[in-house]
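A.B. asks: Sharing query.cif below, mmCIF, C-alpha atoms and all ligand atoms:
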```
data_target
loop_
_atom_site.group_PDB
_atom_site.id
_atom_site.type_symbol
_atom_site.label_atom_id
_atom_site.label_comp_id
_atom_site.auth_asym_id
_atom_site.auth_seq_id
_atom_site.Cartn_x
_atom_site.Cartn_y
_atom_site.Cartn_z
ATOM 1 C CA MET A 1 -10.935 24.565 15.836
ATOM 2 C CA ARG A 2 -13.943 22.303 15.672
ATOM 3 C CA ARG A 3 -16.325 23.087 12.824
ATOM 4 C CA ALA A 4 -19.304 23.676 15.087
ATOM 5 C CA ALA A 5 -17.380 26.167 17.169
ATOM 6 C CA MET A 6 -16.174 28.028 14.086
ATOM 7 C CA LEU A 7 -19.696 28.260 12.706
ATOM 8 C CA ALA A 8 -20.871 29.620 16.011
ATOM 9 C CA ILE A 9 -18.336 32.414 15.698
ATOM 10 C CA LEU A 10 -19.344 33.018 12.091
ATOM 11 C CA GLY A 11 -22.831 33.437 13.443
ATOM 12 C CA LEU A 12 -21.707 36.659 15.071
ATOM 13 C CA VAL A 13 -21.159 38.282 11.710
ATOM 14 C CA LEU A 14 -24.075 36.808 9.813
ATOM 15 C CA THR A 15 -26.087 39.279 7.811
ATOM 16 C CA THR A 16 -28.014 41.644 10.018
ATOM 17 C CA CYS A 17 -31.129 43.287 8.673
ATOM 18 C CA ILE A 18 -31.696 45.710 11.492
ATOM 19 C CA VAL A 19 -34.963 47.278 10.461
ATOM 20 C CA ALA A 20 -37.015 45.707 7.699
ATOM 21 C CA SER A 21 -36.973 48.810 5.511
ATOM 22 C CA ALA A 22 -33.226 49.280 5.976
ATOM 23 C CA CYS A 23 -32.637 46.211 3.830
ATOM 24 C CA GLY A 24 -33.802 48.084 0.762
ATOM 25 C CA GLU A 25 -37.047 46.244 0.439
ATOM 26 C CA LYS A 26 -39.887 45.162 2.611
ATOM 27 C CA ASN A 27 -39.022 41.882 4.226
ATOM 28 C CA ALA A 28 -42.173 39.964 3.492
ATOM 29 C CA ASN A 29 -41.064 37.079 5.658
ATOM 30 C CA ALA A 30 -40.872 38.895 8.955
ATOM 31 C CA ASP A 31 -43.704 38.942 11.461
ATOM 32 C CA VAL A 32 -43.459 42.711 11.572
ATOM 33 C CA ALA A 33 -46.629 44.473 10.566
ATOM 34 C CA VAL A 34 -45.070 47.937 10.435
ATOM 35 C CA GLN A 35 -42.130 48.887 8.237
ATOM 36 C CA PHE A 36 -40.101 51.866 9.413
ATOM 37 C CA ALA A 37 -38.926 54.462 6.915
ATOM 38 C CA SER A 38 -35.654 55.495 8.509
ATOM 39 C CA ALA A 39 -32.769 53.374 7.317
ATOM 40 C CA SER A 40 -29.951 52.645 9.705
ATOM 41 C CA PRO A 41 -26.437 53.445 8.425
ATOM 42 C CA ALA A 42 -25.259 50.265 10.083
ATOM 43 C CA ALA A 43 -27.389 48.216 7.730
ATOM 44 C CA SER A 44 -25.405 49.022 4.607
ATOM 45 C CA ALA A 45 -22.185 47.976 6.329
ATOM 46 C CA SER A 46 -23.499 44.554 7.185
ATOM 47 C CA ALA A 47 -22.858 42.649 3.964
ATOM 48 C CA PRO A 48 -23.447 38.907 4.258
ATOM 49 C CA ALA A 49 -20.380 37.071 5.459
ATOM 50 C CA PRO A 50 -19.161 34.107 3.395
ATOM 51 C CA ILE A 51 -20.575 30.938 4.830
ATOM 52 C CA LYS A 52 -18.331 27.902 4.741
ATOM 53 C CA ASP A 53 -21.192 25.578 5.552
ATOM 54 C CA GLN A 54 -21.570 22.961 2.792
ATOM 55 C CA THR A 55 -25.334 22.758 3.186
ATOM 56 C CA SER A 56 -25.830 26.168 1.521
ATOM 57 C CA ILE A 57 -28.654 27.232 3.789
ATOM 58 C CA PRO A 58 -28.636 31.038 3.801
ATOM 59 C CA PRO A 59 -27.969 32.602 7.201
ATOM 60 C CA PRO A 60 -30.921 33.964 9.149
ATOM 61 C CA GLN A 61 -31.676 37.659 9.361
ATOM 62 C CA LEU A 62 -32.577 39.618 12.466
ATOM 63 C CA VAL A 63 -35.438 42.088 11.969
ATOM 64 C CA LEU A 64 -36.413 44.539 14.702
ATOM 65 C CA SER A 65 -39.575 46.638 14.596
ATOM 66 C CA THR A 66 -37.623 49.610 15.971
ATOM 67 C CA LEU A 67 -34.172 50.669 17.150
ATOM 68 C CA THR A 68 -35.488 53.099 19.784
ATOM 69 C CA VAL A 69 -38.002 52.021 22.405
ATOM 70 C CA PRO A 70 -39.445 53.911 25.377
ATOM 71 C CA GLN A 71 -39.806 52.594 28.928
ATOM 72 C CA GLY A 72 -43.098 50.673 28.866
ATOM 73 C CA GLY A 73 -42.666 49.904 25.157
ATOM 74 C CA ALA A 74 -41.827 46.723 23.287
ATOM 75 C CA ILE A 75 -39.810 45.540 20.297
ATOM 76 C CA LEU A 76 -41.034 42.834 17.960
ATOM 77 C CA VAL A 77 -37.950 40.731 17.185
ATOM 78 C CA SER A 78 -38.143 38.387 14.183
ATOM 79 C CA VAL A 79 -35.539 35.885 13.028
ATOM 80 C CA VAL A 80 -36.112 35.165 9.345
ATOM 81 C CA GLY A 81 -34.622 32.030 7.816
ATOM 82 C CA SER A 82 -34.244 28.305 8.366
ATOM 83 C CA VAL A 83 -34.258 28.501 12.140
ATOM 84 C CA THR A 84 -35.696 25.839 14.445
ATOM 85 C CA GLY A 85 -35.484 27.748 17.710
ATOM 86 C CA GLY A 86 -33.525 29.978 19.979
ATOM 87 C CA SER A 87 -33.736 32.703 22.567
ATOM 88 C CA ILE A 88 -33.397 36.456 22.867
ATOM 89 C CA GLY A 89 -31.467 38.213 25.609
ATOM 90 C CA PHE A 90 -32.582 41.785 26.344
ATOM 91 C CA LEU A 91 -32.123 43.936 29.466
ATOM 92 C CA GLY A 92 -31.059 40.919 31.520
ATOM 93 C CA ARG A 93 -34.092 38.801 30.623
ATOM 94 C CA THR A 94 -34.365 35.829 28.279
ATOM 95 C CA TYR A 95 -37.262 35.236 25.883
ATOM 96 C CA GLN A 96 -37.787 32.022 23.900
ATOM 97 C CA LEU A 97 -38.439 32.399 20.170
ATOM 98 C CA ALA A 98 -41.987 31.365 19.248
ATOM 99 C CA GLN A 99 -43.180 30.057 15.903
ATOM 100 C CA GLY A 100 -44.818 32.830 13.898
ATOM 101 C CA ALA A 101 -46.599 32.632 10.571
ATOM 102 C CA LYS A 102 -43.464 33.478 8.561
ATOM 103 C CA SER A 103 -40.588 33.626 11.016
ATOM 104 C CA MET A 104 -39.612 32.821 14.562
ATOM 105 C CA TYR A 105 -40.209 35.813 16.798
ATOM 106 C CA SER A 106 -40.780 37.227 20.230
ATOM 107 C CA PHE A 107 -41.772 40.560 21.625
ATOM 108 C CA VAL A 108 -39.294 41.881 24.180
ATOM 109 C CA GLY A 109 -40.436 44.447 26.708
ATOM 110 C CA VAL A 110 -39.026 47.443 28.522
ATOM 111 C CA ALA A 111 -40.376 47.716 32.082
ATOM 112 C CA PRO A 112 -41.062 51.189 33.535
ATOM 113 C CA GLU A 113 -38.107 50.723 35.910
ATOM 114 C CA ASP A 114 -35.604 49.601 33.248
ATOM 115 C CA PRO A 115 -32.627 51.942 32.683
ATOM 116 C CA VAL A 116 -32.546 54.323 29.721
ATOM 117 C CA GLY A 117 -29.627 54.315 27.270
ATOM 118 C CA PRO A 118 -28.010 51.802 24.923
ATOM 119 C CA ALA A 119 -29.042 48.155 25.141
ATOM 120 C CA LYS A 120 -28.396 45.029 23.106
ATOM 121 C CA VAL A 121 -30.831 42.580 21.565
ATOM 122 C CA ALA A 122 -28.872 39.310 21.344
ATOM 123 C CA VAL A 123 -30.425 36.310 19.599
ATOM 124 C CA GLN A 124 -29.010 32.805 20.017
ATOM 125 C CA PHE A 125 -30.418 30.590 17.270
ATOM 126 C CA THR A 126 -30.207 27.043 15.932
ATOM 127 C CA MET A 127 -30.614 26.443 12.202
ATOM 128 C CA THR A 128 -32.302 23.449 10.570
ATOM 129 C CA ASN A 129 -28.880 21.945 9.788
ATOM 130 C CA GLY A 130 -27.895 22.185 13.442
ATOM 131 C CA THR A 131 -25.669 25.246 13.056
ATOM 132 C CA LYS A 132 -25.836 27.565 16.020
ATOM 133 C CA GLY A 133 -25.109 31.268 15.945
ATOM 134 C CA THR A 134 -25.719 34.647 17.476
ATOM 135 C CA LEU A 135 -27.144 37.862 16.033
ATOM 136 C CA VAL A 136 -26.771 41.106 17.948
ATOM 137 C CA ASP A 137 -28.233 44.577 17.407
ATOM 138 C CA ASP A 138 -27.921 47.790 19.368
ATOM 139 C CA VAL A 139 -31.050 49.650 20.418
ATOM 140 C CA THR A 140 -31.720 52.685 22.598
ATOM 141 C CA VAL A 141 -34.146 52.775 25.533
ATOM 142 C CA GLU A 142 -35.717 56.227 25.891
ATOM 143 C CA LYS A 143 -37.152 57.810 29.007
ATOM 144 C CA THR A 144 -40.924 57.972 29.450
ATOM 145 C CA GLN A 145 -42.326 60.851 31.475
ATOM 146 C CA TRP A 146 -44.861 59.159 33.763
ATOM 147 C CA THR A 147 -48.023 60.963 34.780
ATOM 148 C CA VAL A 148 -48.830 61.289 38.491
ATOM 149 C CA ASP A 149 -52.281 61.079 40.072
ATOM 150 C CA SER A 150 -53.673 61.252 43.611
ATOM 151 C CA LEU A 151 -56.216 58.650 44.643
ATOM 152 C CA GLU A 152 -58.525 58.633 47.635
ATOM 153 C CA PHE A 153 -60.015 55.392 48.848
ATOM 154 C CA ASN A 154 -62.668 54.963 51.508
ATOM 155 C CA GLY A 155 -64.889 52.289 52.997
ATOM 156 C CA GLU A 156 -64.511 48.942 51.283
ATOM 157 C CA THR A 157 -61.984 50.176 48.714
ATOM 158 C CA GLU A 158 -59.673 51.352 51.510
ATOM 159 C CA GLN A 159 -59.088 47.750 52.630
ATOM 160 C CA LEU A 160 -58.388 46.666 49.067
ATOM 161 C CA ALA A 161 -55.905 49.531 48.647
ATOM 162 C CA ASP A 162 -53.508 47.655 50.951
ATOM 163 C CA PRO A 163 -50.379 47.042 48.827
ATOM 164 C CA LYS A 164 -50.358 43.412 50.029
ATOM 165 C CA VAL A 165 -53.750 42.814 48.380
ATOM 166 C CA LEU A 166 -52.534 44.131 45.034
ATOM 167 C CA ALA A 167 -49.240 42.208 45.378
ATOM 168 C CA ALA A 168 -51.146 38.946 45.923
ATOM 169 C CA ASP A 169 -53.214 39.549 42.765
ATOM 170 C CA GLN A 170 -50.112 40.395 40.771
ATOM 171 C CA ASP A 171 -48.304 37.255 41.986
ATOM 172 C CA LYS A 172 -51.226 35.222 40.715
ATOM 173 C CA LEU A 173 -51.136 36.991 37.327
ATOM 174 C CA GLN A 174 -47.343 36.733 37.053
ATOM 175 C CA GLY A 175 -47.675 32.957 37.450
ATOM 176 C CA ILE A 176 -49.862 32.999 34.315
ATOM 177 C CA TYR A 177 -47.741 35.510 32.350
ATOM 178 C CA ARG A 178 -44.603 33.396 32.707
ATOM 179 C CA ARG A 179 -46.111 30.355 30.971
ATOM 180 C CA ALA A 180 -45.169 31.178 27.371
ATOM 181 C CA THR A 181 -47.055 29.219 24.702
ATOM 182 C CA PRO A 182 -44.375 28.567 22.041
ATOM 183 C CA LYS A 183 -46.680 29.554 19.173
ATOM 184 C CA LYS A 184 -48.073 32.825 17.854
ATOM 185 C CA LEU A 185 -51.798 33.042 18.600
ATOM 186 C CA TRP A 186 -52.406 36.716 17.717
ATOM 187 C CA ASP A 187 -52.865 37.770 14.117
ATOM 188 C CA GLY A 188 -53.074 41.110 12.357
ATOM 189 C CA PRO A 189 -53.818 44.535 13.826
ATOM 190 C CA TRP A 190 -54.724 45.112 17.474
ATOM 191 C CA GLN A 191 -57.910 46.890 18.505
ATOM 192 C CA MET A 192 -59.112 48.590 21.682
ATOM 193 C CA PRO A 193 -61.269 46.282 23.871
ATOM 194 C CA VAL A 194 -63.771 49.136 24.452
ATOM 195 C CA ASP A 195 -64.240 52.631 23.017
ATOM 196 C CA GLY A 196 -63.644 55.220 25.699
ATOM 197 C CA LYS A 197 -61.353 57.823 27.122
ATOM 198 C CA ILE A 198 -58.142 56.713 28.850
ATOM 199 C CA THR A 199 -58.669 57.833 32.456
ATOM 200 C CA ALA A 200 -55.373 56.477 33.830
ATOM 201 C CA LYS A 201 -52.412 55.795 31.586
ATOM 202 C CA PHE A 202 -50.125 52.793 31.768
ATOM 203 C CA GLY A 203 -47.215 53.468 34.133
ATOM 204 C CA GLU A 204 -48.932 56.304 35.969
ATOM 205 C CA GLN A 205 -47.474 56.890 39.409
ATOM 206 C CA ARG A 206 -49.804 57.329 42.343
ATOM 207 C CA SER A 207 -50.148 58.916 45.711
ATOM 208 C CA VAL A 208 -52.781 57.035 47.712
ATOM 209 C CA ASP A 209 -54.669 58.967 50.402
ATOM 210 C CA GLY A 210 -52.016 61.699 50.497
ATOM 211 C CA GLY A 211 -49.086 59.277 50.791
ATOM 212 C CA PRO A 212 -45.821 59.373 48.796
ATOM 213 C CA VAL A 213 -45.809 58.950 45.009
ATOM 214 C CA SER A 214 -44.853 55.381 44.181
ATOM 215 C CA GLY A 215 -45.228 52.424 41.851
ATOM 216 C CA HIS A 216 -46.519 52.307 38.303
ATOM 217 C CA HIS A 217 -50.078 51.611 37.181
ATOM 218 C CA PRO A 218 -49.773 48.142 35.572
ATOM 219 C CA GLY A 219 -52.325 48.810 32.816
ATOM 220 C CA SER A 220 -54.488 51.390 31.046
ATOM 221 C CA ASP A 221 -57.858 52.422 32.494
ATOM 222 C CA ILE A 222 -60.608 53.185 30.018
ATOM 223 C CA GLY A 223 -63.695 54.985 31.357
ATOM 224 C CA VAL A 224 -66.852 53.182 30.181
ATOM 225 C CA ALA A 225 -70.267 52.540 31.738
ATOM 226 C CA VAL A 226 -70.915 49.293 33.618
ATOM 227 C CA GLY A 227 -72.178 46.679 31.147
ATOM 228 C CA THR A 228 -70.196 47.863 28.103
ATOM 229 C CA ASP A 229 -69.164 45.007 25.792
ATOM 230 C CA VAL A 230 -65.479 44.122 26.145
ATOM 231 C CA ARG A 231 -63.920 42.737 22.962
ATOM 232 C CA ALA A 232 -60.770 40.672 22.443
ATOM 233 C CA PRO A 233 -58.052 43.074 21.208
ATOM 234 C CA ASN A 234 -56.558 40.225 19.190
ATOM 235 C CA SER A 235 -56.820 36.451 18.813
ATOM 236 C CA GLY A 236 -55.738 34.043 21.512
ATOM 237 C CA THR A 237 -56.853 31.507 24.086
ATOM 238 C CA VAL A 238 -58.541 32.385 27.372
ATOM 239 C CA SER A 239 -56.055 31.250 30.017
ATOM 240 C CA PHE A 240 -57.804 32.480 33.178
ATOM 241 C CA THR A 241 -61.208 33.666 34.327
ATOM 242 C CA GLY A 242 -62.059 34.398 37.936
ATOM 243 C CA GLN A 243 -62.266 36.878 40.743
ATOM 244 C CA LEU A 244 -59.264 38.569 42.320
ATOM 245 C CA GLN A 245 -59.454 40.982 45.247
ATOM 246 C CA ALA A 246 -58.100 44.177 43.696
ATOM 247 C CA TYR A 247 -58.639 43.341 40.011
ATOM 248 C CA GLY A 248 -62.228 42.197 40.634
ATOM 249 C CA ASN A 249 -63.618 39.901 37.923
ATOM 250 C CA VAL A 250 -60.775 39.137 35.527
ATOM 251 C CA ILE A 251 -60.201 37.572 32.112
ATOM 252 C CA VAL A 252 -56.686 36.771 30.861
ATOM 253 C CA ILE A 253 -56.081 36.038 27.159
ATOM 254 C CA ASP A 254 -52.926 34.233 26.031
ATOM 255 C CA HIS A 255 -51.806 35.676 22.658
ATOM 256 C CA GLY A 256 -48.931 33.168 22.379
ATOM 257 C CA GLY A 257 -45.187 33.624 22.668
ATOM 258 C CA GLY A 258 -45.466 34.910 26.253
ATOM 259 C CA LEU A 259 -47.794 37.813 25.370
ATOM 260 C CA TYR A 260 -50.909 38.211 27.567
ATOM 261 C CA SER A 261 -53.875 40.621 27.869
ATOM 262 C CA THR A 262 -55.727 41.024 31.155
ATOM 263 C CA PHE A 263 -59.085 42.741 31.715
ATOM 264 C CA GLY A 264 -60.080 43.782 35.227
ATOM 265 C CA HIS A 265 -63.080 45.136 37.206
ATOM 266 C CA LEU A 266 -65.532 43.300 34.903
ATOM 267 C CA SER A 267 -69.227 43.000 35.735
ATOM 268 C CA GLU A 268 -69.616 39.844 33.616
ATOM 269 C CA ILE A 269 -67.269 37.157 32.316
ATOM 270 C CA GLY A 270 -68.534 35.736 29.008
ATOM 271 C CA VAL A 271 -65.811 33.193 28.180
ATOM 272 C CA HIS A 272 -64.284 30.136 29.823
ATOM 273 C CA GLU A 273 -60.699 28.984 30.319
ATOM 274 C CA GLY A 274 -59.326 27.222 27.240
ATOM 275 C CA GLN A 275 -61.736 28.984 24.857
ATOM 276 C CA ALA A 276 -60.253 30.306 21.604
ATOM 277 C CA VAL A 277 -61.190 33.922 20.826
ATOM 278 C CA LYS A 278 -60.740 36.034 17.727
ATOM 279 C CA THR A 279 -60.123 39.764 17.393
ATOM 280 C CA GLY A 280 -63.343 41.635 18.202
ATOM 281 C CA ASP A 281 -65.169 38.748 19.923
ATOM 282 C CA ILE A 282 -67.200 39.879 22.946
ATOM 283 C CA ILE A 283 -65.545 38.299 26.009
ATOM 284 C CA GLY A 284 -67.438 40.004 28.840
ATOM 285 C CA LYS A 285 -68.856 43.256 30.149
ATOM 286 C CA SER A 286 -67.032 46.081 31.870
ATOM 287 C CA GLY A 287 -67.815 46.940 35.471
ATOM 288 C CA ASN A 288 -66.627 48.383 38.741
ATOM 289 C CA THR A 289 -65.598 45.291 40.755
ATOM 290 C CA GLY A 290 -62.533 45.042 43.014
ATOM 291 C CA LEU A 291 -60.386 48.081 43.811
ATOM 292 C CA SER A 292 -62.099 50.617 41.583
ATOM 293 C CA THR A 293 -63.282 54.150 42.258
ATOM 294 C CA GLY A 294 -65.676 54.282 39.304
ATOM 295 C CA PRO A 295 -66.844 52.261 36.293
ATOM 296 C CA HIS A 296 -63.913 51.490 33.968
ATOM 297 C CA LEU A 297 -62.028 48.739 32.208
ATOM 298 C CA HIS A 298 -58.457 48.003 33.320
ATOM 299 C CA TRP A 299 -56.476 46.531 30.394
ATOM 300 C CA GLU A 300 -52.959 45.353 31.011
ATOM 301 C CA MET A 301 -50.489 43.457 28.858
ATOM 302 C CA ALA A 302 -47.361 41.512 29.722
ATOM 303 C CA ILE A 303 -44.544 39.863 27.790
ATOM 304 C CA ASP A 304 -43.048 37.021 29.814
ATOM 305 C CA GLY A 305 -44.069 38.974 32.909
ATOM 306 C CA VAL A 306 -42.799 42.399 31.768
ATOM 307 C CA LEU A 307 -45.736 44.834 31.854
ATOM 308 C CA ILE A 308 -46.022 47.023 28.763
ATOM 309 C CA ASP A 309 -48.327 49.776 27.509
ATOM 310 C CA ALA A 310 -51.122 47.920 25.675
ATOM 311 C CA THR A 311 -52.364 51.052 23.914
ATOM 312 C CA LYS A 312 -49.090 51.200 21.988
ATOM 313 C CA LEU A 313 -50.012 47.983 20.184
ATOM 314 C CA VAL A 314 -53.265 49.522 18.964
ATOM 315 C CA ASP A 315 -51.756 52.696 17.477
ATOM 316 C CA GLY A 316 -50.077 50.789 14.650
ATOM 317 C CA THR A 317 -46.555 50.822 15.989
ATOM 318 C CA ASP A 318 -46.547 47.217 17.171
ATOM 319 C CA GLY A 319 -45.841 48.129 20.764
ATOM 320 C CA VAL A 320 -43.074 50.665 20.241
HETATM 321 ZN ZN ZN A 401 -56.138 50.231 36.255
#
```
Would you give me this structure, written as structure tokens?
Ligand SMILES: [Zn+2]

C.D. replies:
Amino acid sequence: MRRAAMLAILGLVLTTCIVASACGEKNANADVAVQFASASPAASASAPAPIKDQTSIPPPQLVLSTLTVPQGGAILVSVVGSVTGGSIGFLGRTYQLAQGAKSMYSFVGVAPEDPVGPAKVAVQFTMTNGTKGTLVDDVTVEKTQWTVDSLEFNGETEQLADPKVLAADQDKLQGIYRRATPKKLWDGPWQMPVDGKITAKFGEQRSVDGGPVSGHHPGSDIGVAVGTDVRAPNSGTVSFTGQLQAYGNVIVIDHGGGLYSTFGHLSEIGVHEGQAVKTGDIIGKSGNTGLSTGPHLHWEMAIDGVLIDATKLVDGTDGV
């Protein structure tokens, strides 16, 4: 057996630190802001395998922010060690590892339509000495009970309620969401872009003008008066500003590693494409433009095109 091939197989049994706290101490090198208290029994069984590599570089560790994730949630996956790159396979999608402050990482998302039950997070990595390997962990996707709302549109909004109009906007946004910057641009805790009541949750299903219940609301609606300051929920680079038909005036912030925030129905756009923003910077003003039945801010987030519940990043659980 060729040495490279054997090392690749060894990679399958490399030490696996499933949840940071399960390793007996806080893993200060992971890009995980939240440490979970519940230790996994599997962690104690995963003693480091002997490495026959002469270079004596310790094997990388896989650190997940959670082992259970709801539909519409996300897992922050960190690979800690001398790793130069790699990818994560999860629910049939592939995410490239991005360079974090202390590890290589990516969020992985669970779409509202993804199946519940067991799933695998599989990381293919390359170490600094060229060794390749795989780390795998089991997680569980849990069901989310989606809320249902009835919407009535009339006049101008009725035309915009055409599913084709929304689909065209979402195609445009998906084109942006799938351009992953290979570097972490967000830093530290997330904050709400405006203070207000959530008037329509992420994933909500809707009946329009008495029609059948369908689809999932791609973001969270926050009820605020027209002209309210909208603040960056975290650091990043403005990747798009402009007007879409259903979303109205829009700002998209790239948080790096394929993670994006989008703000819709704005009355004013206060930033330009390519501008760097920090957490809390005022980026524009909320409004009622596009397909909107009252003043509110629509905030949506995507990971490599998978829409997730943005409010779950703000509550301290890192998207879980
Ligand atoms: Zn909305």

A.B. asks: Each residue of chain A lying at most 10 Å from ligand ZN 401 (chain A) should get a row with its shortest atom-to-atom pair and the distance in Å to one decimal, counting all atoms listed in the file; could you produce that, ordered by chain and increasing number, as a tab-separated table?

C.D. replies:
```
residue	atom	partner	partner_atom	distance
A:Thr199	CA	A:ZN401	ZN	8.9
A:Ala200	CA	A:ZN401	ZN	6.7
A:Lys201	CA	A:ZN401	ZN	8.2
A:Phe202	CA	A:ZN401	ZN	7.9
A:Gly203	CA	A:ZN401	ZN	9.7
A:Glu204	CA	A:ZN401	ZN	9.4
A:His217	CA	A:ZN401	ZN	6.3
A:Pro218	CA	A:ZN401	ZN	6.7
A:Gly219	CA	A:ZN401	ZN	5.3
A:Ser220	CA	A:ZN401	ZN	5.6
A:Asp221	CA	A:ZN401	ZN	4.7
A:Ile222	CA	A:ZN401	ZN	8.2
A:Ala246	CA	A:ZN401	ZN	9.8
A:Tyr247	CA	A:ZN401	ZN	8.2
A:Phe263	CA	A:ZN401	ZN	9.2
A:Gly264	CA	A:ZN401	ZN	7.6
A:His265	CA	A:ZN401	ZN	8.7
A:Leu291	CA	A:ZN401	ZN	8.9
A:Ser292	CA	A:ZN401	ZN	8.0
A:His296	CA	A:ZN401	ZN	8.2
A:Leu297	CA	A:ZN401	ZN	7.3
A:His298	CA	A:ZN401	ZN	4.4
A:Trp299	CA	A:ZN401	ZN	6.9
A:Glu300	CA	A:ZN401	ZN	7.8
```

A.B. asks: Apply the PyMOL selection byres (((chain A and resi 138) around 10) and not hetatm) to the displayed file and report the matching residues as a list in words.

C.D. replies: Ile18, Ala42, Leu67, Thr68, Pro118, Ala119, Lys120, Val121, Ala122, Val136, Asp137, Val139 and Thr140 of chain A

A.B. asks: My list of candidates is A:Gly133, A:Pro295, A:Gly257, A:Pro189. Which is closest to A:Thr228 when distances are computed with all atoms listed in the file?

C.D. replies: A:Pro295

A.B. asks: Apply the PyMOL selection byres (((chain A and resi 146) around 8) and not hetatm) to the displayed file and report the matching residues as a PyMOL selection string.

C.D. replies: chain A and resi 144-145+147-148+203-205

A.B. asks: Which residues come within 12 Å of A:Gly92, counting all atoms listed in the file, excluding same-chain residues fewer than 2 positions away, as a tab-separated table (two decimals) with C-alpha atoms, in the coordinates of the input?

C.D. replies:
```tsv
chain	number	residue	atom	x	y	z
A	88	ILE	CA	-33.40	36.46	22.87
A	89	GLY	CA	-31.47	38.21	25.61
A	90	PHE	CA	-32.58	41.78	26.34
A	94	THR	CA	-34.36	35.83	28.28
A	95	TYR	CA	-37.26	35.24	25.88
A	108	VAL	CA	-39.29	41.88	24.18
A	109	GLY	CA	-40.44	44.45	26.71
A	110	VAL	CA	-39.03	47.44	28.52
A	111	ALA	CA	-40.38	47.72	32.08
A	114	ASP	CA	-35.60	49.60	33.25
A	115	PRO	CA	-32.63	51.94	32.68
A	119	ALA	CA	-29.04	48.16	25.14
A	120	LYS	CA	-28.40	45.03	23.11
A	121	VAL	CA	-30.83	42.58	21.56
A	122	ALA	CA	-28.87	39.31	21.34
A	306	VAL	CA	-42.80	42.40	31.77
```

A.B. asks: May I ask which of the residues A:Lys278, A:His216, A:Lys285, A:His272 is the closest one to A:Ile308, counting only C-alpha atoms?

C.D. replies: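 Using only C-alpha atoms, the shortest distance to A:Ile308 belongs to A:His216.
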
A.B. asks: Carefully work through the PyMOL selection byres (((chain A and resi 240) around 7) and not hetatm) for this structure and note down the residues it includes, as an MDAnalysis selection string.

C.D. replies: chainID A and resid 238:239 241:242 251:252 273

A.B. asks: With 6 Å as the threshold, what does the neighbourhood of (-55.3, 35.6, 22.1) contain in terms of residues, counting all atoms listed in the file? Coordinates are those of the file; answer as number ranges by chain.

C.D. replies: A: 185-186, 234-237, 253-255

A.B. asks: Identify which of the residues A:Val123, A:Val69, A:Ile303, A:Val208 lies closest to A:Tyr260, counting all atoms listed in the file when measuring atom-to-atom distances.

C.D. replies: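 The closest residue to A:Tyr260 is A:Ile303.
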
A.B. asks: Measuring between all atoms listed in the file, which one of A:Gly270, A:Pro233, A:Gly85, A:Gly130 shows the shortest distance to A:Val250?

C.D. replies: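 For A:Val250, the nearest of the given residues is A:Gly270.
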
A.B. asks: Between A:Ala225, A:Ile283, A:Met104, A:Leu173, single out the one closest to A:Val79, counting all atoms listed in the file.

C.D. replies: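 That would be A:Met104, the residue with the smallest distance to A:Val79.
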
A.B. asks: Please report the interatomic distance between atom CA of A:Lys172 and atom CA of A:Gly256 in Å with one decimal.

C.D. replies: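 For atom CA of A:Lys172 relative to atom CA of A:Gly256, the distance reads 18.6 Å.
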
A.B. asks: For a quick check of understanding, using only C-alpha atoms, which of A:Ser261, A:Gln191, A:Asn154, A:Ser103 has the smallest distance to A:Thr293?

C.D. replies: A:Asn154

A.B. asks: For atom CA of A:Gln124 and atom CA of A:Gln71, quote the distance in Å rounded to one decimal.

C.D. replies: 24.2 Å

A.B. asks: Just the number, please: distance in Å from atom CA of A:Ala310 to atom CA of A:Pro212, one decimal.

C.D. replies: 26.3 Å
